[in-house]
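K.L.:
Dumping the structure here so I can ask a few things about it.
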Amino acid sequence: MTPLADLRAAWTFLTVVGKGSGPTPGAMGWFPVVGALVGGTVGLVWWGASELWPPFVAATLAVTADLVLTGGLHHDGLADSADGLLPHLPRARRLVVMREPDVGAFGLLALVVVVLLRVGALASIEVRPLVLAGLWCASRTAMAVLARAVPYARAEGGLASAFLGGSPVAVGATGTLLTAVLLVPEGTIAVLVAAVALVAGAGAVAVLAHRRLGGVTGDVLGAAGVVGETLALVALAARW
C-alpha cells in the first residue's frame, strides 16, 4: 500500500472519522502522527472550553472529546484488559474473558478511576494543547513499539495481528522524534517526568500482560496507551 493509504488506515482505525479499508502492517508506522493529531484536537477542545467554562467543565469536555473522537477504542481495551489480567484466572480463561462483550467489576472500576484521574488532572493544570499532542503521540508510539516488540498472545490471531510486522525501531524513532518536537517547546521538569511516567505506565501494562498471557493483544495495547496517558497527566498535575 502507499504511505497515504497506510496513514488513512491508521487514522480510520484509531478514530471514528472516515471509512478505511482495514488495518495494515504499514499503518502502524503512522500511529505517532495520528496520536499527535488526536491529542492536538483534544487540546484545542480543552483550550476552547476553558475560555467559556470553569476548569472542571473544560476538563470534562476535553476527556469527552477524546472518547468521542476515538470511539472509546482504547478505553474499551482498558476495561477488557482489567477484567482479563487482574482477577485470579488460568491463562486460557483470561483470553476468553477479554473477548466477552460485557464489562466486569474490574473493568468498570478501571474505567471509573481512569476517567476521574484524567478529568481531575486536566482541571488542575494550565491549559497546554501542545502537551496533549505530544503525550498522545507518545502513547500511540508506545502502542506501536509494543505491538512489534512483544509476542502476540492469541495463537489464532486477532484484530491487532493485522498490524504486526516490521521493526519497532523505525516507528519508535519516528514517534520519539515527533514527541520531542511537540514537547520540547513546553519543556519543564513536569513535562519530562510526565513523559517518563507515560512510558513506565505503558511498559508496566505490557509486562503484566506478558506474564499472565504470554504476550499482548489489541486490548492490552489500548490499555497500555490509556494507562500511560493517565499517569502522564497525573504527573503533570503534581505540585512541582
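The chains in the C-alpha cells are called A, B, ... from first to last as shown; in each chain the residues are counted from 1, and the ligands are counted from 1 in the order shown.
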Residues of range 1-227 of chain A classed as alpha helix (DSSP H) by DSSP on the backbone are to be reported as a VMD selection string.
P.N.:
chain A and resid 3 to 14 31 to 50 55 to 70 73 to 85 91 to 99 105 to 124 129 to 149 168 to 183 189 to 213 218 to 227
K.L.:
For range 171-187 of chain A, work out the shell of residues within 8 Å, counting only C-alpha atoms and skipping chain neighbours fewer than 5 positions away, then give it as an MDAnalysis selection string.
P.N.:
chainID A and resid 28:30 32:33 130:131 133:135 137:138 141:142 144:145 192
K.L.:
I'd like to know which of A:Val114, A:Ala9, A:Arg212, A:Asp219 is closest to His88 in chain A, using only C-alpha atoms.
P.N.:
A:Arg212
K.L.:
Counting only C-alpha atoms, what is within 8 Å of Val34 in chain A, bar same-chain residues fewer than 3 positions away, as an mmCIF file with N, CA and C atoms, in the first residue's frame?
P.N.:
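Output saved as part-v7.cif:
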data_model
loop_
_atom_site.group_PDB
_atom_site.id
_atom_site.type_symbol
_atom_site.label_atom_id
_atom_site.label_comp_id
_atom_site.auth_asym_id
_atom_site.auth_seq_id
_atom_site.Cartn_x
_atom_site.Cartn_y
_atom_site.Cartn_z
ATOM 1 N N LEU A 7 -1.541 5.796 6.101
ATOM 2 C CA LEU A 7 -1.954 6.859 7.023
ATOM 3 C C LEU A 7 -3.466 6.853 7.196
ATOM 4 N N ALA A 10 -4.464 3.994 9.411
ATOM 5 C CA ALA A 10 -4.180 4.279 10.817
ATOM 6 C C ALA A 10 -5.201 5.245 11.393
ATOM 7 N N TRP A 11 -5.535 6.287 10.631
ATOM 8 C CA TRP A 11 -6.480 7.301 11.100
ATOM 9 C C TRP A 11 -7.873 6.711 11.307
ATOM 10 N N LEU A 14 -7.874 4.318 14.414
ATOM 11 C CA LEU A 14 -7.712 4.934 15.731
ATOM 12 C C LEU A 14 -8.758 5.993 16.038
ATOM 13 N N TRP A 30 2.301 4.941 11.206
ATOM 14 C CA TRP A 30 1.652 6.248 11.270
ATOM 15 C C TRP A 30 0.941 6.498 12.593
ATOM 16 N N PHE A 31 0.990 5.544 13.505
ATOM 17 C CA PHE A 31 0.323 5.716 14.793
ATOM 18 C C PHE A 31 0.779 6.983 15.528
ATOM 19 N N LEU A 37 -2.254 14.144 16.167
ATOM 20 C CA LEU A 37 -3.441 14.840 15.655
ATOM 21 C C LEU A 37 -4.616 14.716 16.621
ATOM 22 N N VAL A 38 -4.804 13.523 17.174
ATOM 23 C CA VAL A 38 -5.892 13.326 18.133
ATOM 24 C C VAL A 38 -5.638 14.156 19.386
ATOM 25 N N CYS A 137 0.851 11.497 21.146
ATOM 26 C CA CYS A 137 1.798 10.954 20.168
ATOM 27 C C CYS A 137 2.656 9.879 20.834
ATOM 28 N N ARG A 140 0.668 6.547 21.422
ATOM 29 C CA ARG A 140 0.497 5.722 20.214
ATOM 30 C C ARG A 140 1.833 5.137 19.759
#
K.L.:
State, in Å with one decimal place, the distance from CA of Ala58 in chain A to CA of Val234 in chain A.
P.N.:
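Atom-to-atom, CA of Ala58 in chain A and CA of Val234 in chain A are spaced 16.7 Å apart.
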K.L.:
Got a sec: who's within 10 Å of Phe106 in chain A, counting only C-alpha atoms, leaving out chain neighbours fewer than 4 positions off, as a PyMOL selection string?
P.N.:
chain A and resi 78-87+110-111
K.L.:
When you draw a straight line from CA of Ala153 in chain A to CA of Ser139 in chain A, how long is it in Å?
P.N.:
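Computing it gives 20.6 Å between the two atoms.
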K.L.:
Taking into account only C-alpha atoms, which residue in the set A:Arg239, A:His75, A:Arg148, A:Arg8 is nearest to Ala121 in chain A?
P.N.:
A:Arg239
K.L.:
Can you work out the spacing between CA of Asp102 in chain A and CA of Ala27 in chain A in Å, to one decimal?
P.N.:
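Straight-line distance from CA of Asp102 in chain A to CA of Ala27 in chain A works out to 29.0 Å.
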K.L.:
Give me, as a PyMOL selection string, all polymer residues having an atom no more than 8 Å from Leu122 in chain A, counting only C-alpha atoms and skipping those fewer than 4 positions away in the same chain.
P.N.:
chain A and resi 55-56+59+118+126-127+233+237
